[in-house]
$ cat work-v2.cif   # mmCIF, C-alpha atoms and all ligand atoms
data_protein
#
loop_
_atom_site.label_atom_id
_atom_site.label_comp_id
_atom_site.auth_asym_id
_atom_site.auth_seq_id
_atom_site.Cartn_x
_atom_site.Cartn_y
_atom_site.Cartn_z
CA MET A 1 0.00 0.00 0.00
CA GLY A 2 1.16 3.54 -0.76
CA THR A 3 2.26 5.98 1.87
CA GLY A 4 2.09 9.28 -0.04
CA VAL A 5 0.20 12.29 1.21
CA MET A 6 -3.17 13.35 -0.20
CA ASP A 7 -2.94 15.75 -3.14
CA THR A 8 -6.21 17.59 -3.75
CA ALA A 9 -5.29 18.37 -7.36
CA GLN A 10 -5.15 14.65 -8.11
CA PRO A 11 -7.98 12.23 -8.85
CA VAL A 12 -9.78 11.14 -5.67
CA GLY A 13 -8.26 8.10 -3.92
CA VAL A 14 -10.78 5.29 -3.37
CA ALA A 15 -10.89 2.10 -1.29
CA VAL A 16 -13.47 -0.59 -2.07
CA VAL A 17 -14.60 -2.50 1.03
CA GLY A 18 -16.64 -5.66 0.30
CA CYS A 19 -15.49 -7.66 -2.73
CA GLY A 20 -18.54 -9.87 -3.32
CA THR A 21 -21.06 -10.18 -6.17
CA ILE A 22 -21.64 -6.50 -6.94
CA SER A 23 -17.98 -5.50 -6.67
CA ASP A 24 -17.26 -6.59 -10.27
CA GLN A 25 -19.63 -3.98 -11.68
CA TYR A 26 -18.23 -1.31 -9.37
CA LEU A 27 -14.57 -2.12 -9.88
CA ALA A 28 -14.89 -2.31 -13.68
CA ASN A 29 -16.39 1.19 -13.68
CA LEU A 30 -14.51 2.89 -10.85
CA THR A 31 -11.15 1.85 -12.32
CA SER A 32 -12.20 3.32 -15.70
CA PHE A 33 -13.07 6.82 -14.39
CA PRO A 34 -10.07 9.17 -14.79
CA ASP A 35 -11.22 11.31 -11.82
CA LEU A 36 -10.81 8.35 -9.43
CA ARG A 37 -7.84 6.21 -8.37
CA VAL A 38 -8.85 2.92 -6.79
CA LEU A 39 -6.01 2.24 -4.37
CA CYS A 40 -7.12 -0.70 -2.28
CA CYS A 41 -9.64 -3.56 -2.05
CA ALA A 42 -10.72 -5.03 1.29
CA ASP A 43 -12.92 -7.88 2.47
CA LEU A 44 -13.37 -10.01 5.57
CA ASP A 45 -12.26 -12.74 3.20
CA LEU A 46 -8.77 -11.55 2.26
CA GLU A 47 -8.58 -13.89 -0.73
CA ARG A 48 -11.62 -12.16 -2.28
CA ALA A 49 -9.96 -8.78 -1.83
CA LYS A 50 -6.73 -10.03 -3.42
CA THR A 51 -8.54 -11.65 -6.33
CA GLN A 52 -10.54 -8.52 -7.12
CA ALA A 53 -7.50 -6.25 -6.73
CA GLU A 54 -5.54 -8.38 -9.16
CA LYS A 55 -8.42 -8.64 -11.64
CA TYR A 56 -8.93 -4.86 -11.81
CA GLY A 57 -5.33 -3.70 -11.47
CA VAL A 58 -5.85 -2.21 -7.99
CA PRO A 59 -2.45 -1.80 -6.27
CA GLY A 60 -3.46 -2.78 -2.70
CA ALA A 61 -5.50 -5.46 -0.96
CA GLY A 62 -6.01 -5.94 2.76
CA SER A 63 -8.24 -5.69 5.78
CA THR A 64 -10.97 -3.06 6.14
CA ALA A 65 -8.80 -1.16 8.63
CA GLN A 66 -5.83 -1.17 6.23
CA ALA A 67 -7.96 0.00 3.27
CA ILE A 68 -9.76 2.84 5.01
CA GLY A 69 -6.57 3.84 6.82
CA HIS A 70 -4.64 4.18 3.56
CA PRO A 71 -3.34 7.77 3.64
CA GLU A 72 -4.31 8.55 0.04
CA VAL A 73 -7.86 7.18 0.34
CA GLU A 74 -10.42 9.98 0.61
CA LEU A 75 -13.52 8.04 -0.41
CA VAL A 76 -14.47 4.58 0.87
CA VAL A 77 -16.88 2.63 -1.33
CA ASN A 78 -18.72 0.31 1.07
CA LEU A 79 -20.07 -2.76 -0.77
CA THR A 80 -20.52 -5.00 2.26
CA ILE A 81 -23.80 -6.72 3.15
CA PRO A 82 -26.55 -4.50 4.65
CA ALA A 83 -25.89 -5.73 8.20
CA ALA A 84 -22.29 -4.39 7.97
CA HIS A 85 -23.06 -1.07 6.21
CA ALA A 86 -23.27 1.08 9.36
CA GLU A 87 -20.26 -0.46 11.09
CA VAL A 88 -17.93 -0.09 8.11
CA THR A 89 -19.24 3.41 7.27
CA SER A 90 -18.83 4.57 10.85
CA GLN A 91 -15.30 3.17 11.00
CA ALA A 92 -14.33 5.10 7.83
CA VAL A 93 -16.00 8.33 8.96
CA ALA A 94 -14.09 8.12 12.25
CA LEU A 95 -10.88 8.19 10.20
CA GLY A 96 -12.05 11.31 8.35
CA LYS A 97 -13.02 9.53 5.12
CA SER A 98 -16.10 10.23 3.01
CA VAL A 99 -18.18 7.13 2.28
CA TRP A 100 -20.28 5.90 -0.62
CA VAL A 101 -22.39 3.02 0.67
CA GLU A 102 -24.49 0.48 -1.17
CA LYS A 103 -28.15 0.51 -0.27
CA PRO A 104 -29.67 0.49 2.23
CA LEU A 105 -27.78 3.26 4.07
CA ALA A 106 -28.23 1.28 7.31
CA LEU A 107 -30.61 -1.31 8.72
CA ASP A 108 -32.86 1.34 10.28
CA THR A 109 -33.34 5.10 10.32
CA ALA A 110 -31.94 5.44 13.83
CA ALA A 111 -28.63 3.98 12.61
CA GLY A 112 -28.87 6.05 9.41
CA ARG A 113 -29.36 9.29 11.36
CA GLU A 114 -26.44 8.40 13.57
CA LEU A 115 -24.20 7.95 10.51
CA LEU A 116 -25.26 11.32 9.05
CA ALA A 117 -24.55 12.98 12.39
CA GLU A 118 -21.13 11.32 12.64
CA ALA A 119 -20.28 12.42 9.09
CA ALA A 120 -21.40 16.02 9.75
CA GLN A 121 -19.34 16.05 12.94
CA ALA A 122 -16.27 14.74 11.10
CA GLY A 123 -16.76 17.14 8.17
CA VAL A 124 -16.97 14.32 5.61
CA ARG A 125 -19.68 13.29 3.18
CA LEU A 126 -22.03 10.34 2.89
CA GLY A 127 -23.45 9.23 -0.41
CA CYS A 128 -25.62 6.19 -0.99
CA ALA A 129 -26.88 3.95 -3.75
CA PRO A 130 -28.88 3.72 -5.86
CA ASP A 131 -27.07 5.79 -8.46
CA THR A 132 -29.26 4.35 -11.21
CA VAL A 133 -31.27 7.54 -10.69
CA LEU A 134 -28.26 9.38 -12.20
CA GLY A 135 -28.26 7.16 -15.30
CA ALA A 136 -29.24 8.51 -18.71
CA GLY A 137 -32.69 6.86 -18.62
CA LEU A 138 -33.98 8.37 -15.39
CA GLN A 139 -32.20 11.68 -16.00
CA THR A 140 -33.93 11.93 -19.40
CA ALA A 141 -37.29 11.25 -17.71
CA ARG A 142 -36.61 13.90 -15.07
CA ARG A 143 -35.61 16.45 -17.71
CA LEU A 144 -38.82 15.77 -19.68
CA ILE A 145 -40.98 16.10 -16.56
CA SER A 146 -39.34 19.34 -15.45
CA ASP A 147 -39.74 20.70 -19.00
CA GLY A 148 -43.52 20.13 -18.65
CA ALA A 149 -43.86 17.14 -21.02
CA ILE A 150 -46.65 15.54 -18.90
CA GLY A 151 -48.08 18.68 -17.28
CA GLU A 152 -48.09 18.60 -13.48
CA PRO A 153 -46.97 15.12 -12.23
CA ARG A 154 -49.70 13.88 -9.86
CA THR A 155 -49.69 10.10 -9.44
CA ALA A 156 -47.56 7.01 -10.07
CA LEU A 157 -47.92 3.26 -10.42
CA ALA A 158 -44.81 1.13 -9.87
CA LEU A 159 -44.42 -2.67 -9.90
CA MET A 160 -41.53 -5.05 -9.26
CA GLN A 161 -42.54 -8.72 -9.37
CA ASP A 162 -39.95 -11.49 -9.29
CA PRO A 163 -39.61 -15.15 -8.24
CA GLY A 164 -36.84 -14.02 -5.85
CA PRO A 165 -33.02 -13.85 -5.81
CA ASP A 166 -32.74 -17.29 -4.13
CA ARG A 167 -32.81 -18.54 -7.74
CA TRP A 168 -29.55 -16.87 -8.79
CA HIS A 169 -27.59 -15.39 -5.86
CA PRO A 170 -24.97 -17.87 -4.54
CA ASP A 171 -25.39 -16.58 -0.92
CA PRO A 172 -28.99 -15.30 -0.89
CA GLU A 173 -29.81 -15.58 2.83
CA PHE A 174 -29.14 -11.89 3.53
CA LEU A 175 -31.70 -10.97 0.87
CA PHE A 176 -34.46 -12.56 2.99
CA ARG A 177 -33.42 -11.02 6.32
CA PRO A 178 -34.10 -7.64 7.92
CA GLY A 179 -32.49 -4.98 5.73
CA ALA A 180 -33.48 -6.81 2.55
CA GLY A 181 -36.57 -8.60 1.19
CA PRO A 182 -38.23 -7.05 -1.88
CA LEU A 183 -39.00 -3.85 0.04
CA TYR A 184 -35.47 -3.06 1.24
CA ASP A 185 -33.57 -4.73 -1.62
CA MET A 186 -35.54 -3.38 -4.60
CA GLY A 187 -37.49 -0.56 -2.93
CA PRO A 188 -34.59 1.92 -2.96
CA TYR A 189 -34.49 1.96 -6.79
CA TYR A 190 -38.20 2.61 -7.18
CA LEU A 191 -38.67 4.89 -4.16
CA THR A 192 -35.60 6.99 -5.03
CA ALA A 193 -36.86 7.40 -8.62
CA LEU A 194 -40.29 8.48 -7.32
CA ALA A 195 -38.76 10.81 -4.71
CA SER A 196 -36.63 12.46 -7.39
CA VAL A 197 -39.85 13.35 -9.25
CA PHE A 198 -42.31 14.02 -6.40
CA GLY A 199 -39.95 15.13 -3.59
CA PRO A 200 -40.31 13.77 -0.05
CA ALA A 201 -43.06 11.32 0.94
CA VAL A 202 -45.05 12.20 4.07
CA SER A 203 -47.40 9.28 4.67
CA VAL A 204 -47.62 5.59 3.73
CA ALA A 205 -49.86 2.54 4.19
CA ALA A 206 -49.03 -1.04 3.24
CA LEU A 207 -49.88 -4.75 3.42
CA GLY A 208 -47.24 -7.49 3.56
CA ARG A 209 -47.41 -11.23 2.98
CA ARG A 210 -44.97 -14.17 2.79
CA SER A 211 -45.79 -17.08 0.51
CA ARG A 212 -43.10 -19.44 1.91
CA ASP A 213 -41.26 -19.61 5.24
CA GLN A 214 -38.30 -21.43 3.71
CA ARG A 215 -36.46 -21.08 0.42
CA VAL A 216 -33.85 -23.20 -1.37
CA ILE A 217 -30.61 -21.85 -2.90
CA GLY A 218 -30.86 -22.37 -6.65
CA ARG A 219 -27.31 -21.68 -7.83
CA GLY A 220 -23.66 -21.90 -6.86
CA ALA A 221 -21.67 -24.08 -4.47
CA ARG A 222 -24.55 -24.29 -1.94
CA THR A 223 -27.33 -25.24 -4.39
CA GLY A 224 -30.14 -27.09 -2.61
CA THR A 225 -29.45 -25.57 0.83
CA LYS A 226 -32.66 -24.56 2.65
CA PHE A 227 -32.87 -21.32 4.59
CA GLN A 228 -35.42 -19.39 6.62
CA VAL A 229 -37.32 -16.36 5.28
CA ASP A 230 -37.63 -13.61 7.91
CA VAL A 231 -39.31 -10.77 5.98
CA PRO A 232 -42.50 -10.18 3.95
CA THR A 233 -41.92 -11.20 0.33
CA TYR A 234 -45.02 -9.39 -1.01
CA VAL A 235 -45.41 -5.71 -0.11
CA ALA A 236 -48.23 -3.55 -1.51
CA SER A 237 -48.01 0.11 -0.54
CA LEU A 238 -49.65 3.50 -0.94
CA LEU A 239 -47.52 6.64 -0.65
CA GLY A 240 -48.56 10.26 -0.21
CA TYR A 241 -46.05 13.03 -1.05
CA ALA A 242 -45.58 16.44 0.57
CA GLY A 243 -46.50 18.17 -2.70
CA GLY A 244 -49.84 16.30 -2.86
CA ALA A 245 -48.86 13.54 -5.32
CA ALA A 246 -49.68 9.88 -4.62
CA ALA A 247 -48.21 6.53 -5.69
CA SER A 248 -49.24 2.85 -5.60
CA VAL A 249 -46.18 0.59 -5.41
CA LEU A 250 -45.88 -3.22 -5.34
CA PHE A 251 -42.71 -5.19 -4.49
CA SER A 252 -42.80 -8.99 -4.69
CA PHE A 253 -40.37 -11.93 -4.55
CA ASP A 254 -43.40 -14.27 -4.66
CA SER A 255 -44.29 -13.97 -8.32
CA PRO A 256 -43.55 -16.66 -10.93
CA LEU A 257 -44.06 -13.82 -13.41
CA ARG A 258 -40.99 -11.58 -13.62
CA ARG A 259 -41.98 -7.96 -14.24
CA HIS A 260 -39.31 -5.38 -13.40
CA GLY A 261 -39.00 -1.70 -14.05
CA PHE A 262 -42.65 -0.75 -14.33
CA VAL A 263 -42.84 2.90 -13.25
CA GLU A 264 -45.52 5.12 -14.76
CA ILE A 265 -45.80 8.76 -13.75
CA THR A 266 -49.12 10.35 -14.64
CA GLY A 267 -49.41 14.09 -15.03
CA THR A 268 -52.26 16.43 -15.83
CA GLU A 269 -51.57 16.05 -19.57
CA ALA A 270 -49.83 12.72 -20.16
CA THR A 271 -48.48 9.50 -18.67
CA LEU A 272 -44.73 8.90 -18.77
CA ALA A 273 -43.25 5.38 -18.54
CA MET A 274 -39.80 5.51 -16.97
CA PRO A 275 -37.05 3.08 -17.87
CA ASP A 276 -36.23 0.44 -15.24
CA PRO A 277 -35.03 2.33 -12.13
CA ASN A 278 -32.65 -0.59 -11.46
CA GLY A 279 -30.87 0.23 -14.74
CA PHE A 280 -28.87 3.14 -16.09
CA GLY A 281 -30.19 3.49 -19.64
CA GLY A 282 -33.42 2.65 -21.42
CA GLU A 283 -36.01 4.66 -23.25
CA VAL A 284 -38.72 6.93 -21.93
CA ARG A 285 -42.24 6.63 -23.33
CA ILE A 286 -44.92 9.32 -23.18
CA ARG A 287 -48.64 8.89 -23.88
CA PRO A 288 -50.60 12.15 -23.98
CA ALA A 289 -54.27 12.21 -22.90
CA GLY A 290 -56.45 11.24 -25.87
CA SER A 291 -53.62 9.49 -27.75
CA ALA A 292 -53.65 5.75 -28.49
CA GLU A 293 -49.88 5.67 -29.09
CA TRP A 294 -46.76 5.96 -26.98
CA THR A 295 -44.07 8.36 -28.17
CA VAL A 296 -40.64 6.84 -27.54
CA ILE A 297 -37.84 9.16 -26.43
CA PRO A 298 -34.34 7.64 -26.36
CA ALA A 299 -32.23 8.34 -23.29
CA THR A 300 -29.55 10.98 -23.65
CA GLY A 301 -26.53 11.27 -21.38
CA ALA A 302 -23.94 9.02 -19.76
CA THR A 303 -24.87 5.35 -19.52
CA ALA A 304 -21.92 4.17 -17.40
CA GLY A 305 -23.25 1.92 -14.64
CA ARG A 306 -22.76 1.45 -10.90
CA GLY A 307 -20.21 3.86 -9.50
CA ILE A 308 -21.39 7.10 -11.14
CA GLY A 309 -22.88 8.25 -7.84
CA ALA A 310 -19.50 7.79 -6.15
CA LEU A 311 -17.88 9.65 -9.06
CA ASP A 312 -20.36 12.55 -8.79
CA MET A 313 -19.59 12.59 -5.08
CA ALA A 314 -15.81 12.61 -5.62
CA ARG A 315 -16.06 15.49 -8.07
CA ALA A 316 -18.38 17.36 -5.70
CA ILE A 317 -15.91 16.90 -2.83
CA ARG A 318 -13.24 18.59 -4.94
CA THR A 319 -15.44 21.40 -6.30
CA GLY A 320 -17.32 22.04 -3.03
CA VAL A 321 -20.85 21.55 -4.41
CA PRO A 322 -23.55 19.16 -3.12
CA HIS A 323 -23.38 15.58 -4.44
CA ARG A 324 -26.61 14.19 -5.86
CA ALA A 325 -27.09 10.69 -4.40
CA SER A 326 -26.93 12.09 -0.89
CA GLY A 327 -27.10 10.50 2.54
CA ASP A 328 -30.16 12.68 3.25
CA LEU A 329 -32.02 11.25 0.25
CA ALA A 330 -31.01 7.71 1.25
CA LEU A 331 -32.12 8.32 4.84
CA HIS A 332 -35.48 9.51 3.55
CA VAL A 333 -35.86 6.42 1.38
CA LEU A 334 -34.93 4.24 4.37
CA ASP A 335 -37.43 6.17 6.50
CA THR A 336 -40.10 5.58 3.83
CA MET A 337 -39.37 1.83 3.80
CA GLU A 338 -39.44 1.70 7.59
CA ALA A 339 -42.82 3.47 7.58
CA VAL A 340 -44.03 0.82 5.08
CA ALA A 341 -42.79 -1.94 7.43
CA ARG A 342 -44.49 -0.26 10.43
CA SER A 343 -47.71 0.03 8.47
CA ILE A 344 -47.55 -3.68 7.58
CA ALA A 345 -47.09 -4.53 11.26
CA GLY A 346 -49.75 -2.17 12.58
CA GLY A 347 -52.34 -1.88 9.81
CA THR A 348 -52.06 1.91 10.05
CA PHE A 349 -51.14 4.91 7.92
CA GLU A 350 -47.65 5.91 9.05
CA PRO A 351 -45.90 9.30 8.81
CA VAL A 352 -42.52 9.71 7.09
CA PRO A 353 -40.78 12.44 9.10
CA THR A 354 -37.50 12.93 7.20
CA THR A 355 -36.98 15.16 4.19
CA PHE A 356 -34.20 15.93 1.69
CA PRO A 357 -33.26 18.50 -0.96
CA VAL A 358 -34.22 17.20 -4.44
CA PRO A 359 -30.92 16.86 -6.33
CA ASP A 360 -30.32 18.83 -9.52
CA VAL A 361 -30.54 17.00 -12.83
CA LEU A 362 -27.07 16.21 -14.22
CA PRO A 363 -25.88 18.61 -16.93
CA ALA A 364 -26.56 17.25 -20.45
CA GLY A 365 -22.87 16.76 -21.28
CA TRP A 366 -21.91 15.07 -17.97
CA ASP A 367 -19.18 12.57 -18.86
CA PRO A 368 -17.82 9.99 -16.38
CA GLN A 369 -14.90 9.25 -18.68
CA ALA A 370 -13.72 12.88 -18.72
CA ARG A 371 -10.85 13.94 -16.51
CA THR A 372 -12.13 17.05 -14.76
CA LEU A 373 -9.82 17.00 -11.73
CA THR A 374 -6.40 18.15 -12.89
N1 LIG B 401 -25.76 -8.50 -5.97
C1 LIG B 401 -26.38 -7.53 -6.62
O1 LIG B 401 -26.85 -7.69 -7.76
C2 LIG B 401 -26.50 -6.15 -5.99
C3 LIG B 401 -27.00 -5.12 -6.79
C4 LIG B 401 -27.08 -3.85 -6.28
C5 LIG B 401 -26.71 -3.62 -4.98
N2 LIG B 401 -26.26 -4.62 -4.19
C6 LIG B 401 -25.91 -4.31 -2.81
O2 LIG B 401 -24.51 -4.45 -2.67
C7 LIG B 401 -24.20 -4.91 -1.35
C8 LIG B 401 -23.39 -6.17 -1.45
O3 LIG B 401 -24.14 -7.14 -2.15
P1 LIG B 401 -23.44 -8.42 -2.81
O4 LIG B 401 -24.51 -9.08 -3.59
O5 LIG B 401 -22.17 -8.01 -3.47
O6 LIG B 401 -23.15 -9.27 -1.48
P2 LIG B 401 -22.08 -10.45 -1.30
O7 LIG B 401 -22.49 -11.23 -0.11
O8 LIG B 401 -21.87 -11.14 -2.60
O9 LIG B 401 -20.72 -9.65 -0.97
C9 LIG B 401 -20.54 -8.91 0.22
C10 LIG B 401 -19.05 -8.95 0.60
O10 LIG B 401 -18.84 -8.12 1.73
C11 LIG B 401 -17.94 -8.78 2.60
N3 LIG B 401 -18.13 -8.27 3.95
C12 LIG B 401 -19.18 -8.47 4.78
N4 LIG B 401 -19.01 -7.80 5.93
C13 LIG B 401 -17.80 -7.15 5.82
C14 LIG B 401 -17.08 -6.30 6.68
N5 LIG B 401 -17.53 -5.98 7.90
N6 LIG B 401 -15.88 -5.81 6.25
C15 LIG B 401 -15.40 -6.14 5.00
N7 LIG B 401 -16.07 -6.97 4.16
C16 LIG B 401 -17.26 -7.45 4.55
C17 LIG B 401 -18.26 -10.25 2.47
O11 LIG B 401 -17.18 -11.07 2.86
C18 LIG B 401 -18.56 -10.36 0.97
O12 LIG B 401 -17.42 -10.65 0.20
C19 LIG B 401 -25.55 -5.07 -0.62
O13 LIG B 401 -25.82 -3.92 0.12
C20 LIG B 401 -26.55 -5.20 -1.75
O14 LIG B 401 -27.81 -4.69 -1.38
C21 LIG B 401 -26.12 -5.89 -4.68
#
$ encode --input "work-v2.cif" --output "structure tokens" --more "lines below"
Ligand SMILES: NC(=O)c1ccc[n+]([C@@H]2O[C@H](COP(=O)([O-])OP(=O)(O)OC[C@H]3O[C@@H](n4cnc5c(N)ncnc54)[C@H](O)[C@@H]3O)[C@@H](O)[C@H]2O)c1
Amino acid sequence: MGTGVMDTAQPVGVAVVGCGTISDQYLANLTSFPDLRVLCCADLDLERAKTQAEKYGVPGAGSTAQAIGHPEVELVVNLTIPAAHAEVTSQAVALGKSVWVEKPLALDTAAGRELLAEAAQAGVRLGCAPDTVLGAGLQTARRLISDGAIGEPRTALALMQDPGPDRWHPDPEFLFRPGAGPLYDMGPYYLTALASVFGPAVSVAALGRRSRDQRVIGRGARTGTKFQVDVPTYVASLLGYAGGAAASVLFSFDSPLRRHGFVEITGTEATLAMPDPNGFGGEVRIRPAGSAEWTVIPATGATAGRGIGALDMARAIRTGVPHRASGDLALHVLDTMEAVARSIAGGTFEPVPTTFPVPDVLPAGWDPQARTLT
């Protein structure tokens, strides 16, 4: 590992902590962005860290403490499992490092608030997935909506139906435990996309069900292993927004039918179909009132995948402007999901107390492959 001092004119030094399934997508992208230098990979399983470091040409591999303590690392990209997000983030913040964390920000809003407070105290930043909302598809949709293409946006219908990740994930247990399930695992994509259009939610109601108490791993070295399901795998929710808009949103891991990425925003003059909020590209479709046809609008802008939120954050650290996929937005999304879970438990409408500033749309020519920090 290097021992040089931090140079603020240089690309931002990054450590990746958690070298599991999603780290391939991140490392492929982060190592391709000229404004970042990935300096170290870390994992509880040191072999995983070494393998990923070697595969992506990252100079260092080690323990979490070694990676976040690296003197040239300014930004820690936390790709651990949800149960470890808060611990690893807190550890990095305590060393004065900014952190990009995979979703969810933490297992509950109390832990999320604590992390934001620790970061504010330390004078560092927190950013959080999903950054799909910064992809060309959703940015094109946001630009169209703010240009008035559907009139005033008033309501939304969103659906995510899937048989469940036990079919394909080699270690799927965490996806059926608190902090995951269809609500916490897939909800952030959909709820962040809706929040970026409607602003903060204020009230929710929901029903939850679980079709099976046990699941069986369908792929990888542990195929056939049974495990317990601890969370609802069907969540139907109603959301009311501060600005008066409303949304109906369904998340399911109980559906033989796979239907992802259904997000329709209806305005006073037209309905807009967003691309899949769990993707970075895709086309936008608009159907004006009275028309029998959809008008297809191709996405414009950068289509680079996971990691663009961390890149936007790194550039924002250097230029002193707010980053877009903020900890406040992630805390609000977590708060919204927690209100959904409370409503499922209590059969009540639940308030969503947190709020966040709606991030600006990315400029049209935003280019992750450009070197802007020189
Ligand atoms: N798999 C996906 O398709 C996907 C997609 C988007 C987001 N995510 C998110 O990314 C995160 C990671 O998911 P994954 O599928 O890569 O999980 P994974 O289980 O494949 O990998 C997680 C890695 O983190 C390591 N780890 C756990 N605790 C740690 C700690 N305290 N310190 C250092 N390393 C630690 C584990 O050893 C493991 O290698 C989750 O928050 C998940 O929600 C996953």
$ atom_distance --input "work-v2.cif" --atom1 "CA of Ala111 (chain A)" --atom2 "CA of Gly96 (chain A)"
18.6 Å
$ residues_near_ligand --input "work-v2.cif" --ligand "ligand LIG 401 (chain B)" --cutoff "8 Å" --atoms "all atoms listed in the file" --output "number ranges by chain"
A: 17-23, 42-45, 48-49, 63-64, 78-85, 87-88, 101-104, 129-130, 169-172, 174-175, 180, 185
$ closest_residue --input "work-v2.cif" --among "A:Asp162, A:Asp108, A:Glu293, A:Glu283" --to "Gln139 (chain A)" --atoms "only C-alpha atoms"
A:Glu283
$ residues_around --input "work-v2.cif" --residues "region 250-264 of chain A" --least-positions-apart "3" --cutoff "7 Å" --atoms "only C-alpha atoms" --output "PyMOL selection string"
chain A and resi 156-164+182-183+211+233-237+271-278
$ atom_distance --input "work-v2.cif" --atom1 "CA of Arg167 (chain A)" --atom2 "CA of Ile217 (chain A)"
6.3 Å
$ atom_distance --input "work-v2.cif" --atom1 "CA of Thr223 (chain A)" --atom2 "CA of Asp24 (chain A)"
22.0 Å
$ residues_around --input "work-v2.cif" --residues "region 30-40 of chain A" --least-positions-apart "4" --cutoff "6 Å" --atoms "all atoms listed in the file" --output "CSV table (one decimal) with C-alpha atoms, in the coordinates of the input"
chain,number,residue,atom,x,y,z
A,11,PRO,CA,-8.0,12.2,-8.8
A,12,VAL,CA,-9.8,11.1,-5.7
A,13,GLY,CA,-8.3,8.1,-3.9
A,14,VAL,CA,-10.8,5.3,-3.4
A,15,ALA,CA,-10.9,2.1,-1.3
A,26,TYR,CA,-18.2,-1.3,-9.4
A,58,VAL,CA,-5.8,-2.2,-8.0
A,59,PRO,CA,-2.4,-1.8,-6.3
A,60,GLY,CA,-3.5,-2.8,-2.7
A,61,ALA,CA,-5.5,-5.5,-1.0
A,67,ALA,CA,-8.0,0.0,3.3
A,307,GLY,CA,-20.2,3.9,-9.5
A,369,GLN,CA,-14.9,9.2,-18.7
A,371,ARG,CA,-10.8,13.9,-16.5
A,373,LEU,CA,-9.8,17.0,-11.7
$ residues_near_point --input "work-v2.cif" --point "(-22.7, 9.6, 4.2)" --cutoff "8 Å" --atoms "only C-alpha atoms" --output "PyMOL selection string"
chain A and resi 89+98-101+115-116+119+124-128+326-327
$ closest_residue --input "work-v2.cif" --among "A:Gln66, A:Thr132, A:Gln228, A:Gln214" --to "Ala310 (chain A)" --atoms "only C-alpha atoms"
A:Thr132
$ closest_residue --input "work-v2.cif" --among "A:Pro188, A:Pro165, A:Gly69, A:Pro353" --to "Val202 (chain A)" --atoms "all atoms listed in the file"
A:Pro353
$ residues_around --input "work-v2.cif" --residues "Leu238 (chain A)" --least-positions-apart "5" --cutoff "12 Å" --atoms "only C-alpha atoms" --output "PyMOL selection string"
chain A and resi 155-158+191+201-207+245-251+336-337+339-340+343-344+348-351
$ closest_residue --input "work-v2.cif" --among "A:Ala110, A:Ala341, A:Val16, A:Ala65" --to "Gln52 (chain A)" --atoms "only C-alpha atoms"
A:Val16
$ residues_around --input "work-v2.cif" --residues "Gly281 (chain A)" --least-positions-apart "5" --cutoff "9 Å" --atoms "only C-alpha atoms" --output "list in words"
Thr132, Gly135, Ala136, Gly137, Leu138, Pro275, Asp276, Pro298, Ala299, Thr300, Gly301, Ala302, Thr303, Ala304 and Gly305 of chain A
$ write_last_selection --input "work-v2.cif" --atoms "C-alpha atoms" --output "PDB file, in the frame of the given file"
ATOM      1  CA  THR A 132     -29.260   4.350 -11.210  1.00  0.00           C
ATOM      2  CA  GLY A 135     -28.260   7.160 -15.300  1.00  0.00           C
ATOM      3  CA  ALA A 136     -29.240   8.510 -18.710  1.00  0.00           C
ATOM      4  CA  GLY A 137     -32.690   6.860 -18.620  1.00  0.00           C
ATOM      5  CA  LEU A 138     -33.980   8.370 -15.390  1.00  0.00           C
ATOM      6  CA  PRO A 275     -37.050   3.080 -17.870  1.00  0.00           C
ATOM      7  CA  ASP A 276     -36.230   0.440 -15.240  1.00  0.00           C
ATOM      8  CA  PRO A 298     -34.340   7.640 -26.360  1.00  0.00           C
ATOM      9  CA  ALA A 299     -32.230   8.340 -23.290  1.00  0.00           C
ATOM     10  CA  THR A 300     -29.550  10.980 -23.650  1.00  0.00           C
ATOM     11  CA  GLY A 301     -26.530  11.270 -21.380  1.00  0.00           C
ATOM     12  CA  ALA A 302     -23.940   9.020 -19.760  1.00  0.00           C
ATOM     13  CA  THR A 303     -24.870   5.350 -19.520  1.00  0.00           C
ATOM     14  CA  ALA A 304     -21.920   4.170 -17.400  1.00  0.00           C
ATOM     15  CA  GLY A 305     -23.250   1.920 -14.640  1.00  0.00           C
TER      16      GLY A 305
END
$ closest_residue --input "work-v2.cif" --among "A:Leu144, A:Val352, A:Leu46, A:Ile150" --to "Gly267 (chain A)" --atoms "all atoms listed in the file"
A:Ile150
$ closest_residue --input "work-v2.cif" --among "A:Gly279, A:Gly57, A:Gly309, A:Gly199" --to "Leu75 (chain A)" --atoms "only C-alpha atoms"
A:Gly309
$ residues_around --input "work-v2.cif" --residues "Ser196 (chain A)" --least-positions-apart "2" --cutoff "12 Å" --atoms "all atoms listed in the file" --output "ChimeraX atom specification"
/A:130-134,138-139,141-143,145-146,153,188-194,198-201,241,265,277,324-326,329-330,332-333,355-361
$ axis_aligned_box --input "work-v2.cif" --around "region 360-369 of chain A" --padding-each-side "5 Å" --output "lines of an AutoDock Vina configuration file"
center_x = -22.7
center_y = 14.0
center_z = -15.4
size_x = 25.6
size_y = 19.6
size_z = 21.8
